[in-house]
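What follows is query_36.txt (compact mmCIF, C-alpha atoms and all ligand atoms).
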# COMPACT_ATOMS: atom_id res chain seq x y z
CA MET A 1 -18.01 6.40 -10.14
CA PRO A 2 -20.61 4.30 -11.94
CA PRO A 3 -19.79 0.58 -12.48
CA ALA A 4 -17.52 0.69 -15.51
CA ASN A 5 -19.34 -1.91 -17.60
CA SER A 6 -22.86 -0.59 -16.96
CA PHE A 7 -23.54 0.59 -20.46
CA LYS A 8 -26.68 2.67 -20.88
CA SER A 9 -29.47 2.47 -23.44
CA SER A 10 -29.80 6.24 -23.67
CA ARG A 11 -27.94 9.31 -22.46
CA ALA A 12 -30.92 10.24 -20.29
CA GLU A 13 -30.80 6.97 -18.34
CA GLU A 14 -29.54 7.65 -14.83
CA GLU A 15 -26.53 5.79 -13.55
CA GLN A 16 -25.98 4.58 -10.03
CA CYS A 17 -22.66 5.74 -8.58
CA TYR A 18 -20.61 4.18 -5.80
CA PRO A 19 -17.40 5.10 -3.99
CA LEU A 20 -14.23 3.89 -5.70
CA VAL A 21 -11.48 3.82 -3.08
CA LEU A 22 -8.37 1.64 -3.11
CA GLU A 23 -6.83 0.50 0.17
CA LEU A 24 -3.65 -1.33 1.11
CA CYS A 25 -3.91 -4.11 3.70
CA GLN A 26 -1.03 -3.67 6.12
CA LYS A 27 -1.26 -7.32 7.19
CA CYS A 28 -0.95 -9.17 3.89
CA GLY A 29 0.05 -6.43 1.42
CA ASN A 30 -3.11 -6.81 -0.65
CA LEU A 31 -4.68 -3.89 -2.48
CA GLN A 32 -8.46 -3.91 -2.39
CA LEU A 33 -11.52 -1.75 -2.76
CA GLN A 34 -12.94 -0.20 0.36
CA TYR A 35 -16.50 -0.44 -0.95
CA CYS A 36 -17.71 -3.45 -2.95
CA VAL A 37 -20.79 -3.26 -5.19
CA ASP A 38 -23.09 -6.27 -4.93
CA GLU A 39 -22.02 -8.95 -7.48
CA LYS A 40 -25.59 -9.44 -8.67
CA GLU A 41 -25.78 -5.83 -9.75
CA LEU A 42 -22.47 -6.13 -11.61
CA PHE A 43 -22.82 -9.48 -13.35
CA ASN A 44 -26.41 -10.59 -13.97
CA GLN A 45 -26.59 -9.09 -17.44
CA TYR A 46 -23.08 -8.61 -18.62
CA PHE A 47 -21.62 -6.75 -21.57
CA TYR A 48 -18.09 -8.11 -21.42
CA ILE A 49 -17.72 -10.63 -24.20
CA THR A 50 -14.21 -12.04 -24.56
CA PRO A 51 -12.94 -10.62 -27.86
CA ASP A 52 -11.47 -12.76 -30.61
CA SER A 53 -7.92 -11.49 -30.45
CA PRO A 54 -4.56 -12.84 -31.69
CA SER A 55 -2.83 -11.92 -28.41
CA LEU A 56 -5.48 -13.72 -26.37
CA ARG A 57 -5.19 -16.76 -28.62
CA SER A 58 -1.45 -16.93 -28.17
CA HIS A 59 -1.89 -16.47 -24.43
CA TYR A 60 -4.30 -19.43 -24.33
CA GLU A 61 -1.78 -21.47 -26.31
CA PHE A 62 0.93 -20.62 -23.81
CA LEU A 63 -1.24 -21.50 -20.82
CA VAL A 64 -2.39 -24.83 -22.20
CA ARG A 65 1.15 -25.80 -23.22
CA TYR A 66 2.50 -24.78 -19.82
CA MET A 67 -0.12 -26.80 -17.93
CA PHE A 68 0.64 -29.79 -20.12
CA ASP A 69 4.47 -29.50 -19.97
CA GLU A 70 4.49 -28.99 -16.20
CA THR A 71 2.12 -31.96 -15.77
CA TYR A 72 -0.64 -29.90 -14.16
CA LEU A 73 -2.88 -31.18 -16.93
CA ALA A 74 -2.99 -34.93 -16.34
CA PRO A 75 -4.22 -37.33 -19.04
CA ASP A 76 -8.01 -37.68 -19.27
CA SER A 77 -8.71 -34.52 -17.25
CA PHE A 78 -12.10 -33.08 -16.40
CA VAL A 79 -11.61 -29.28 -16.55
CA VAL A 80 -13.95 -26.72 -15.00
CA GLU A 81 -13.61 -23.01 -15.74
CA ILE A 82 -15.08 -20.43 -13.35
CA GLY A 83 -16.12 -17.16 -15.05
CA SER A 84 -15.91 -18.89 -18.41
CA ASN A 85 -17.69 -16.08 -20.30
CA ILE A 86 -18.55 -17.25 -23.85
CA GLY A 87 -16.22 -20.24 -23.52
CA ARG A 88 -13.32 -19.05 -25.67
CA PHE A 89 -10.65 -20.56 -23.42
CA LEU A 90 -12.51 -23.87 -23.02
CA LEU A 91 -13.03 -24.07 -26.79
CA HIS A 92 -9.30 -23.71 -27.12
CA LEU A 93 -8.62 -26.34 -24.47
CA LYS A 94 -11.18 -28.98 -25.23
CA ASP A 95 -9.30 -30.72 -28.06
CA ASN A 96 -6.09 -31.03 -26.05
CA PRO A 97 -5.06 -34.70 -25.74
CA GLY A 98 -5.01 -34.36 -21.91
CA VAL A 99 -8.63 -33.26 -21.72
CA ARG A 100 -11.62 -35.61 -21.35
CA ARG A 101 -14.29 -32.94 -21.00
CA VAL A 102 -14.81 -29.31 -20.10
CA LEU A 103 -17.51 -27.45 -18.18
CA GLY A 104 -17.97 -23.68 -17.78
CA VAL A 105 -19.58 -21.78 -14.91
CA ASP A 106 -20.59 -18.14 -15.34
CA PRO A 107 -23.14 -15.93 -13.58
CA ALA A 108 -24.29 -13.90 -16.61
CA GLN A 109 -27.26 -15.41 -18.41
CA ASN A 110 -26.69 -13.69 -21.75
CA VAL A 111 -23.06 -14.83 -21.77
CA CYS A 112 -23.90 -18.46 -20.83
CA ALA A 113 -26.39 -18.63 -23.71
CA LEU A 114 -23.65 -17.59 -26.15
CA ALA A 115 -21.26 -20.21 -24.72
CA ARG A 116 -23.85 -22.98 -25.10
CA LYS A 117 -24.39 -21.92 -28.72
CA GLU A 118 -20.68 -22.60 -29.26
CA GLY A 119 -21.14 -26.07 -27.78
CA ILE A 120 -19.59 -25.35 -24.37
CA GLU A 121 -21.73 -26.81 -21.58
CA THR A 122 -22.10 -23.94 -19.09
CA ILE A 123 -23.80 -23.69 -15.71
CA CYS A 124 -25.25 -20.25 -15.02
CA ALA A 125 -24.28 -19.47 -11.41
CA PHE A 126 -21.93 -17.67 -9.08
CA PHE A 127 -19.45 -20.43 -8.28
CA ASP A 128 -19.35 -21.36 -4.58
CA GLY A 129 -19.35 -24.42 -2.29
CA ALA A 130 -22.93 -25.39 -3.15
CA VAL A 131 -22.41 -25.15 -6.93
CA ALA A 132 -19.16 -27.11 -6.55
CA ASP A 133 -21.01 -29.89 -4.70
CA VAL A 134 -23.62 -30.14 -7.46
CA ILE A 135 -20.90 -30.38 -10.14
CA SER A 136 -18.97 -32.89 -8.09
CA ARG A 137 -22.05 -35.12 -7.62
CA GLU A 138 -23.00 -34.97 -11.30
CA HIS A 139 -19.60 -35.05 -12.97
CA GLY A 140 -17.07 -36.16 -10.36
CA PRO A 141 -14.00 -34.24 -9.15
CA ALA A 142 -12.14 -31.85 -11.45
CA GLN A 143 -8.46 -32.36 -12.24
CA ILE A 144 -8.13 -28.71 -13.22
CA ILE A 145 -10.18 -25.72 -12.12
CA VAL A 146 -9.33 -22.55 -14.01
CA ALA A 147 -10.39 -19.05 -12.95
CA ARG A 148 -9.11 -16.38 -15.30
CA HIS A 149 -9.64 -12.74 -14.33
CA CYS A 150 -12.64 -13.42 -12.10
CA CYS A 151 -11.45 -14.21 -8.55
CA ALA A 152 -10.95 -10.52 -7.90
CA HIS A 153 -14.56 -9.91 -8.95
CA ASN A 154 -16.23 -11.20 -5.80
CA LYS A 155 -16.10 -9.51 -2.42
CA ASN A 156 -15.76 -12.86 -0.72
CA PRO A 157 -13.10 -14.86 -2.56
CA HIS A 158 -13.29 -17.47 0.23
CA LEU A 159 -16.65 -18.57 -1.18
CA ILE A 160 -14.99 -19.37 -4.50
CA LEU A 161 -12.03 -21.08 -2.86
CA LYS A 162 -14.26 -23.20 -0.67
CA GLY A 163 -15.96 -24.39 -3.86
CA VAL A 164 -12.57 -25.00 -5.46
CA HIS A 165 -11.51 -27.14 -2.51
CA ASN A 166 -14.75 -29.15 -2.61
CA LEU A 167 -14.59 -29.83 -6.35
CA LEU A 168 -10.86 -30.30 -6.89
CA ALA A 169 -9.56 -33.87 -7.19
CA ASP A 170 -7.00 -34.65 -4.48
CA ASP A 171 -4.27 -34.70 -7.13
CA GLY A 172 -5.76 -31.76 -9.10
CA TYR A 173 -4.66 -28.15 -9.59
CA PHE A 174 -6.34 -24.79 -9.29
CA VAL A 175 -5.17 -22.25 -11.87
CA MET A 176 -5.99 -18.64 -11.05
CA GLU A 177 -5.05 -15.82 -13.41
CA ASN A 178 -5.37 -12.15 -12.55
CA ALA A 179 -3.93 -8.78 -13.31
CA TYR A 180 -0.70 -8.68 -11.30
CA ALA A 181 -0.88 -5.77 -8.85
CA LEU A 182 2.85 -5.16 -9.12
CA ASN A 183 2.50 -4.63 -12.89
CA THR A 184 -0.64 -2.54 -12.39
CA LEU A 185 1.38 -0.18 -10.18
CA GLN A 186 4.62 -0.26 -12.17
CA ASN A 187 2.83 0.40 -15.46
CA ASN A 188 0.63 3.21 -14.07
CA GLU A 189 -2.54 1.28 -14.90
CA PHE A 190 -4.85 3.34 -12.70
CA ASP A 191 -7.67 2.69 -15.17
CA GLN A 192 -7.66 -0.97 -14.01
CA ILE A 193 -9.16 0.23 -10.74
CA TYR A 194 -12.93 -0.13 -11.06
CA HIS A 195 -15.74 -1.77 -9.10
CA GLU A 196 -15.44 -5.19 -10.73
CA HIS A 197 -11.82 -5.40 -9.62
CA MET A 198 -12.31 -5.67 -5.88
CA PHE A 199 -8.86 -7.21 -5.21
CA TYR A 200 -5.43 -6.48 -6.72
CA TYR A 201 -3.47 -9.59 -5.95
CA MET A 202 0.17 -9.92 -4.98
CA ILE A 203 2.03 -13.20 -4.55
CA ARG A 204 2.21 -12.57 -0.83
CA SER A 205 -1.53 -11.98 -0.41
CA VAL A 206 -2.53 -14.92 -2.59
CA GLN A 207 -0.27 -17.26 -0.64
CA LYS A 208 -2.17 -16.19 2.47
CA LEU A 209 -5.56 -16.48 0.75
CA PHE A 210 -4.79 -20.02 -0.41
CA GLU A 211 -3.47 -21.10 2.98
CA LEU A 212 -6.68 -19.97 4.66
CA ASN A 213 -8.51 -22.33 2.31
CA ASP A 214 -6.29 -25.38 2.74
CA LEU A 215 -4.57 -24.84 -0.61
CA SER A 216 -0.90 -24.21 -1.29
CA LEU A 217 0.79 -22.23 -4.03
CA VAL A 218 3.10 -24.40 -6.14
CA ASP A 219 3.94 -22.25 -9.13
CA ILE A 220 3.47 -18.88 -10.77
CA ALA A 221 3.82 -17.61 -14.32
CA ILE A 222 4.09 -13.89 -15.06
CA VAL A 223 2.61 -13.08 -18.46
CA PRO A 224 2.11 -9.91 -20.54
CA ILE A 225 -1.64 -10.26 -21.23
CA HIS A 226 -3.91 -7.37 -20.12
CA GLY A 227 -1.00 -5.11 -19.22
CA GLY A 228 0.75 -7.68 -17.00
CA SER A 229 -0.94 -10.68 -15.39
CA ILE A 230 0.06 -13.47 -13.07
CA ILE A 231 -1.06 -17.10 -13.11
CA PHE A 232 -1.10 -18.90 -9.76
CA PHE A 233 -1.03 -22.71 -9.63
CA ALA A 234 -2.26 -24.25 -6.38
CA GLN A 235 -2.82 -27.74 -5.01
CA LYS A 236 -4.58 -29.14 -1.97
CA LYS A 237 -2.17 -28.76 0.94
CA LYS A 238 -2.05 -32.47 1.60
CA LYS A 239 -0.85 -33.25 -1.93
CA GLY A 240 2.60 -31.98 -1.07
CA ARG A 241 4.18 -31.24 -4.48
CA ALA A 242 7.19 -29.01 -3.79
CA ALA A 243 6.74 -25.40 -4.84
CA ASN A 244 8.67 -24.24 -7.88
CA PRO A 245 11.60 -22.04 -6.67
CA SER A 246 10.24 -19.20 -8.82
CA VAL A 247 7.54 -18.61 -6.17
CA GLU A 248 10.15 -17.68 -3.57
CA THR A 249 12.24 -15.68 -6.04
CA TYR A 250 9.35 -13.60 -7.32
CA SER A 251 7.90 -12.96 -3.88
CA ARG A 252 11.24 -11.54 -2.80
CA ILE A 253 11.36 -9.32 -5.87
CA GLU A 254 7.80 -8.25 -5.14
CA ALA A 255 8.58 -7.33 -1.52
CA GLU A 256 11.64 -5.37 -2.63
CA LEU A 257 9.79 -3.38 -5.29
CA MET A 258 6.70 -2.72 -3.18
CA GLY A 259 8.78 -1.19 -0.43
CA ASP A 260 10.31 1.34 -2.76
CA GLY A 261 7.79 4.20 -2.82
CA LEU A 262 5.90 2.45 -5.61
CA LEU A 263 2.48 3.51 -4.37
CA ARG A 264 3.55 7.14 -4.04
CA ASP A 265 4.92 7.10 -7.62
CA PHE A 266 1.72 5.46 -8.80
CA VAL A 267 -0.36 8.30 -7.36
CA ASP A 268 1.91 10.94 -8.94
CA ASN A 269 1.99 9.18 -12.30
CA THR A 270 -1.79 8.82 -12.28
CA GLU A 271 -2.13 12.58 -11.91
CA ASN A 272 0.50 13.32 -14.56
CA ILE A 273 -0.96 10.92 -17.12
CA GLY A 274 -4.47 12.19 -16.40
CA ASN A 275 -3.44 15.82 -16.88
CA ARG A 276 -1.59 15.04 -20.12
CA VAL A 277 -4.50 13.09 -21.64
CA LYS A 278 -6.96 15.81 -20.68
CA GLU A 279 -4.68 18.45 -22.21
CA ILE A 280 -4.33 16.55 -25.50
CA VAL A 281 -8.09 15.94 -25.79
CA THR A 282 -8.78 19.64 -25.09
CA ASP A 283 -6.17 20.75 -27.67
CA VAL A 284 -7.55 18.40 -30.31
CA ASN A 285 -11.04 19.84 -29.78
CA ASN A 286 -9.80 23.43 -29.73
CA ASN A 287 -8.03 22.81 -33.04
CA LYS A 288 -11.32 21.52 -34.53
CA LYS A 289 -9.89 18.04 -35.08
CA SER A 290 -11.98 14.95 -34.42
CA ILE A 291 -11.27 12.37 -31.72
CA TRP A 292 -13.02 9.10 -30.83
CA ALA A 293 -12.22 6.41 -28.31
CA TYR A 294 -11.13 2.92 -29.40
CA GLY A 295 -12.43 0.07 -27.19
CA ALA A 296 -15.51 0.33 -24.95
CA THR A 297 -13.50 -1.13 -22.11
CA ALA A 298 -14.13 -0.88 -18.38
CA LYS A 299 -10.69 0.75 -18.29
CA GLY A 300 -11.95 3.33 -20.78
CA SER A 301 -14.98 4.24 -18.66
CA THR A 302 -12.70 4.62 -15.66
CA LEU A 303 -10.20 6.82 -17.48
CA LEU A 304 -12.81 9.06 -19.10
CA ASN A 305 -14.89 9.51 -15.96
CA TYR A 306 -11.82 10.20 -13.84
CA LEU A 307 -10.87 12.92 -16.33
CA LYS A 308 -14.48 14.13 -16.66
CA ILE A 309 -14.32 13.74 -20.44
CA ASP A 310 -17.70 13.15 -22.06
CA TYR A 311 -19.42 12.98 -25.42
CA HIS A 312 -19.03 16.70 -26.02
CA GLU A 313 -15.29 16.11 -26.50
CA ILE A 314 -15.34 12.49 -27.72
CA PRO A 315 -18.61 11.68 -29.51
CA TYR A 316 -17.99 8.01 -30.40
CA CYS A 317 -16.25 4.92 -29.15
CA VAL A 318 -15.69 2.05 -31.60
CA ASP A 319 -15.80 -1.53 -30.36
CA SER A 320 -15.99 -4.99 -31.89
CA THR A 321 -18.65 -6.29 -29.44
CA SER A 322 -22.04 -6.19 -31.20
CA ILE A 323 -24.13 -6.13 -27.99
CA LYS A 324 -22.42 -2.87 -26.99
CA HIS A 325 -23.39 -1.08 -30.22
CA GLY A 326 -25.96 1.70 -29.78
CA LYS A 327 -25.26 1.78 -26.04
CA PHE A 328 -23.53 4.61 -24.17
CA LEU A 329 -20.51 4.55 -21.86
CA PRO A 330 -21.68 5.20 -18.29
CA MET A 331 -21.47 8.85 -17.25
CA ALA A 332 -19.26 9.88 -20.22
CA ASN A 333 -22.34 9.17 -22.36
CA ILE A 334 -20.21 8.36 -25.41
CA GLU A 335 -22.04 6.32 -28.05
CA ILE A 336 -20.56 2.92 -28.91
CA VAL A 337 -20.40 2.17 -32.63
CA PRO A 338 -19.11 -0.78 -34.68
CA GLU A 339 -15.40 -1.04 -35.35
CA GLU A 340 -16.02 -0.64 -39.08
CA TYR A 341 -16.56 3.08 -38.44
CA ALA A 342 -12.86 3.25 -37.64
CA TRP A 343 -11.97 2.59 -41.23
CA SER A 344 -14.92 4.01 -43.18
CA GLU A 345 -15.15 7.50 -41.61
CA PRO A 346 -11.96 7.78 -39.57
CA PRO A 347 -11.43 10.62 -37.08
CA ASP A 348 -8.12 12.48 -36.80
CA TYR A 349 -7.32 10.80 -33.48
CA PHE A 350 -8.29 7.78 -31.44
CA LEU A 351 -7.87 7.69 -27.68
CA LEU A 352 -6.83 4.05 -27.33
CA THR A 353 -8.92 2.97 -24.35
CA ALA A 354 -8.13 -0.69 -25.22
CA TRP A 355 -4.36 0.02 -24.94
CA ASN A 356 -3.73 -3.61 -23.93
CA TYR A 357 -4.43 -4.58 -27.57
CA LYS A 358 -2.39 -1.69 -29.02
CA THR A 359 -0.33 -3.57 -31.59
CA GLU A 360 -3.14 -5.64 -33.02
CA ILE A 361 -5.66 -2.78 -33.10
CA ILE A 362 -3.30 -0.35 -34.87
CA SER A 363 -2.26 -2.95 -37.42
CA LYS A 364 -5.90 -3.92 -38.02
CA VAL A 365 -6.91 -0.29 -38.58
CA ARG A 366 -4.02 0.25 -41.01
CA SER A 367 -4.75 -2.97 -42.87
CA LYS A 368 -8.33 -1.75 -43.41
CA GLY A 369 -7.01 1.31 -45.25
CA ASN A 370 -7.14 3.92 -42.47
CA SER A 371 -3.75 5.61 -42.62
CA LYS A 372 -5.14 8.89 -41.30
CA SER A 373 -5.96 8.43 -37.60
CA ARG A 374 -3.26 8.88 -34.99
CA PHE A 375 -3.51 6.94 -31.73
CA ILE A 376 -3.20 8.53 -28.31
CA VAL A 377 -2.00 5.72 -26.04
CA PRO A 378 -2.54 6.65 -22.38
CA ILE A 379 -0.79 3.78 -20.56
CA PRO A 380 1.96 3.11 -19.41
CA GLN A 381 3.04 6.60 -20.58
CA VAL A 382 1.15 8.97 -22.83
CA THR A 383 2.39 8.58 -26.41
CA ILE A 384 0.96 9.51 -29.77
CA GLU A 385 1.41 6.79 -32.37
CA GLU A 386 1.45 7.79 -36.04
P1 LIG B 401 -10.67 -5.84 -22.38
O1 LIG B 401 -9.46 -4.98 -22.49
O2 LIG B 401 -11.35 -5.70 -21.05
O3 LIG B 401 -10.42 -7.26 -22.80
O4 LIG B 401 -11.75 -5.25 -23.40
C1 LIG B 401 -11.42 -5.14 -24.75
C2 LIG B 401 -12.53 -4.39 -25.49
O5 LIG B 401 -12.01 -3.91 -26.71
C3 LIG B 401 -13.73 -5.27 -25.82
O6 LIG B 401 -14.93 -4.53 -25.63
C4 LIG B 401 -13.54 -5.57 -27.30
C5 LIG B 401 -12.75 -4.39 -27.81
N1 LIG B 401 -11.84 -4.73 -28.90
C6 LIG B 401 -12.04 -4.13 -30.14
O7 LIG B 401 -12.97 -3.33 -30.31
N2 LIG B 401 -11.20 -4.47 -31.17
C7 LIG B 401 -10.17 -5.36 -31.01
O8 LIG B 401 -9.43 -5.63 -31.97
C8 LIG B 401 -9.97 -5.96 -29.70
C9 LIG B 401 -8.85 -6.93 -29.48
C10 LIG B 401 -10.83 -5.60 -28.68
As structure tokens - that is how I would like this structure written.
Amino acid sequence: MPPANSFKSSRAEEEQCYPLVLELCQKCGNLQLQYCVDEKELFNQYFYITPDSPSLRSHYEFLVRYMFDETYLAPDSFVVEIGSNIGRFLLHLKDNPGVRRVLGVDPAQNVCALARKEGIETICAFFDGAVADVISREHGPAQIIVARHCCAHNKNPHLILKGVHNLLADDGYFVMENAYALNTLQNNEFDQIYHEHMFYYMIRSVQKLFELNDLSLVDIAIVPIHGGSIIFFAQKKKKGRAANPSVETYSRIEAELMGDGLLRDFVDNTENIGNRVKEIVTDVNNNKKSIWAYGATAKGSTLLNYLKIDYHEIPYCVDSTSIKHGKFLPMANIEIVPEEYAWSEPPDYFLLTAWNYKTEIISKVRSKGNSKSRFIVPIPQVTIEE
């Protein structure tokens, strides 16, 4: 498969393909990719721009409130975010009464420039021990280090965690949010498996990962964002705050559910969903109806390329991200066009490749006057929404 976010400038441009194989570690229960593409190839110029979305905003609100209520966010905190993208979360956080200042770190130059334009100071780098030392010398220790949906994006997470340990204040907290592997499996989210996602974390495997880096897990929050995510709260081992009992409860639930043929079901459901989506797209084309994709997501590239669906069947994909417009989805070669096309010249069907924003996307499309298009939602089960 080609890297899922490697959008092309023309259909003729060749894409580089790499193996995409998921493995289960028998020692710690982690799911991970067998082959990892070099980070520099994946992230130097990056097309993922955090969208402005109501569900993301309410998720940020929840996370900030939770950190504040549970006293993870101490008064006068210096907060560092790893993989801060265009700074949407830090913009949300920076006016919180507990926060003194915020700093982002992100490896993609184009993304850092956009964050700075919004007034979020951002260091352009892959976060590791050396970057942490520079930040620590210049700004002092961080009370909170946040890493949302990025710790699985590096083949050596120990490099990140070493940096976290160096930069974290002794009484500080590390907050790591990721897709929760249990939800990924339970909800049949096979399209979440792509080269950027090198690790699919479980509570059990993260506990082990933290321990190896002199950190301990004190709390978790399981949240619905991105099809089911988990937020891990960790401290330096020596700090000694007692873990919230929910950690033990949820890891027992996790062990129970993982043992129950879940992986086998996941494989079967992947095939069934794939066959059904392919069948619907073929029928729509045979009946001379039009179908586009909605959301130029990495998940979308994965789904379409797995099903070998290309621009002959789905000519366009609408997306709100302006830097994706005029580009083509890797391999599927589907042209990305502005979202406005979804209401001005609507097709008969949309394949909702951004299914994680289903409710808000459908209500936006309807509010713009498109009452014609039906939505094929692939995950967690194939449904067709009127
Ligand atoms: P994500 O699922 O990886 O966050 O990617 C979401 C993609 O969907 C991103 O490219 C922006 C796009 N999008 C829209 O086009 N319209 C929307 O209303 C939302 C929320 C996202």
Could you list, with a cut-off of 10 Å and counting all atoms listed in the file, the residues of chain A near ligand LIG 401 (chain B), each shown with its nearest atom pair and the distance in Å rounded to one decimal, rows sorted by chain and ascending number, as a Markdown table?
| residue | atom | partner | partner_atom | distance |
| --- | --- | --- | --- | --- |
| A:Asn5 | CA | B:LIG401 | O2 | 9.5 |
| A:Phe47 | CA | B:LIG401 | O6 | 8.1 |
| A:Tyr48 | CA | B:LIG401 | O6 | 6.4 |
| A:Ile49 | CA | B:LIG401 | O6 | 6.9 |
| A:Thr50 | CA | B:LIG401 | O3 | 6.3 |
| A:Pro51 | CA | B:LIG401 | C4 | 5.1 |
| A:Asp52 | CA | B:LIG401 | C9 | 6.5 |
| A:Ser53 | CA | B:LIG401 | C9 | 4.8 |
| A:Pro54 | CA | B:LIG401 | C9 | 7.6 |
| A:Ser55 | CA | B:LIG401 | C9 | 7.9 |
| A:Leu56 | CA | B:LIG401 | C9 | 8.2 |
| A:His149 | CA | B:LIG401 | O2 | 9.9 |
| A:Gln192 | CA | B:LIG401 | O2 | 9.2 |
| A:Ile225 | CA | B:LIG401 | O3 | 9.4 |
| A:His226 | CA | B:LIG401 | O1 | 6.5 |
| A:Gly227 | CA | B:LIG401 | O1 | 9.1 |
| A:Ala293 | CA | B:LIG401 | O7 | 10.0 |
| A:Tyr294 | CA | B:LIG401 | O7 | 6.6 |
| A:Gly295 | CA | B:LIG401 | O5 | 4.0 |
| A:Ala296 | CA | B:LIG401 | O6 | 4.9 |
| A:Thr297 | CA | B:LIG401 | O4 | 4.7 |
| A:Ala298 | CA | B:LIG401 | O2 | 6.2 |
| A:Lys299 | CA | B:LIG401 | O2 | 7.0 |
| A:Gly300 | CA | B:LIG401 | O1 | 8.8 |
| A:Cys317 | CA | B:LIG401 | O7 | 9.0 |
| A:Val318 | CA | B:LIG401 | O7 | 6.2 |
| A:Asp319 | CA | B:LIG401 | O7 | 3.4 |
| A:Ser320 | CA | B:LIG401 | O7 | 3.8 |
| A:Thr321 | CA | B:LIG401 | C4 | 5.6 |
| A:Ser322 | CA | B:LIG401 | O6 | 9.2 |
| A:Ile323 | CA | B:LIG401 | O6 | 9.6 |
| A:Lys324 | CA | B:LIG401 | O6 | 7.8 |
| A:Ile336 | CA | B:LIG401 | O6 | 9.9 |
| A:Val337 | CA | B:LIG401 | O7 | 9.5 |
| A:Pro338 | CA | B:LIG401 | O7 | 8.0 |
| A:Glu339 | CA | B:LIG401 | O7 | 6.0 |
| A:Glu340 | CA | B:LIG401 | O7 | 9.7 |
| A:Ala342 | CA | B:LIG401 | O7 | 9.9 |
| A:Leu352 | CA | B:LIG401 | O5 | 9.5 |
| A:Thr353 | CA | B:LIG401 | O5 | 7.9 |
| A:Ala354 | CA | B:LIG401 | O1 | 5.3 |
| A:Trp355 | CA | B:LIG401 | O1 | 7.6 |
| A:Asn356 | CA | B:LIG401 | O1 | 6.1 |
| A:Tyr357 | CA | B:LIG401 | C9 | 5.4 |
| A:Lys358 | CA | B:LIG401 | C9 | 8.3 |
| A:Thr359 | CA | B:LIG401 | O8 | 9.3 |
| A:Glu360 | CA | B:LIG401 | O8 | 6.4 |
| A:Ile361 | CA | B:LIG401 | O8 | 4.9 |
| A:Ile362 | CA | B:LIG401 | O8 | 8.6 |
| A:Ser363 | CA | B:LIG401 | O8 | 9.4 |
| A:Lys364 | CA | B:LIG401 | O8 | 7.2 |
| A:Val365 | CA | B:LIG401 | O8 | 8.9 |
Residue nearest A:Arg57 among A:Gly83, A:Phe89, A:Glu41, A:Met258 (counting all atoms listed in the file):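 Using all atoms listed in the file, the shortest distance to A:Arg57 belongs to A:Phe89.
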Residues within 8 Å of A:Tyr349, only C-alpha atoms, excluding chain neighbours under 3 positions, as a ChimeraX atom specification: /A:289-292,373-376
Residues within 8 Å of A:His195, all atoms listed in the file, excluding chain neighbours under 3 positions, as a PyMOL selection string: chain A and resi 3-4+20+33+36-37+198
Residue neighbourhood A:Met1, 7 Å, all atoms listed in the file, exclusion window fewer than 4 positions, as a list in words: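 In the requested form, the answer reads Cys17, Tyr18, Pro19 and Leu20 of chain A.
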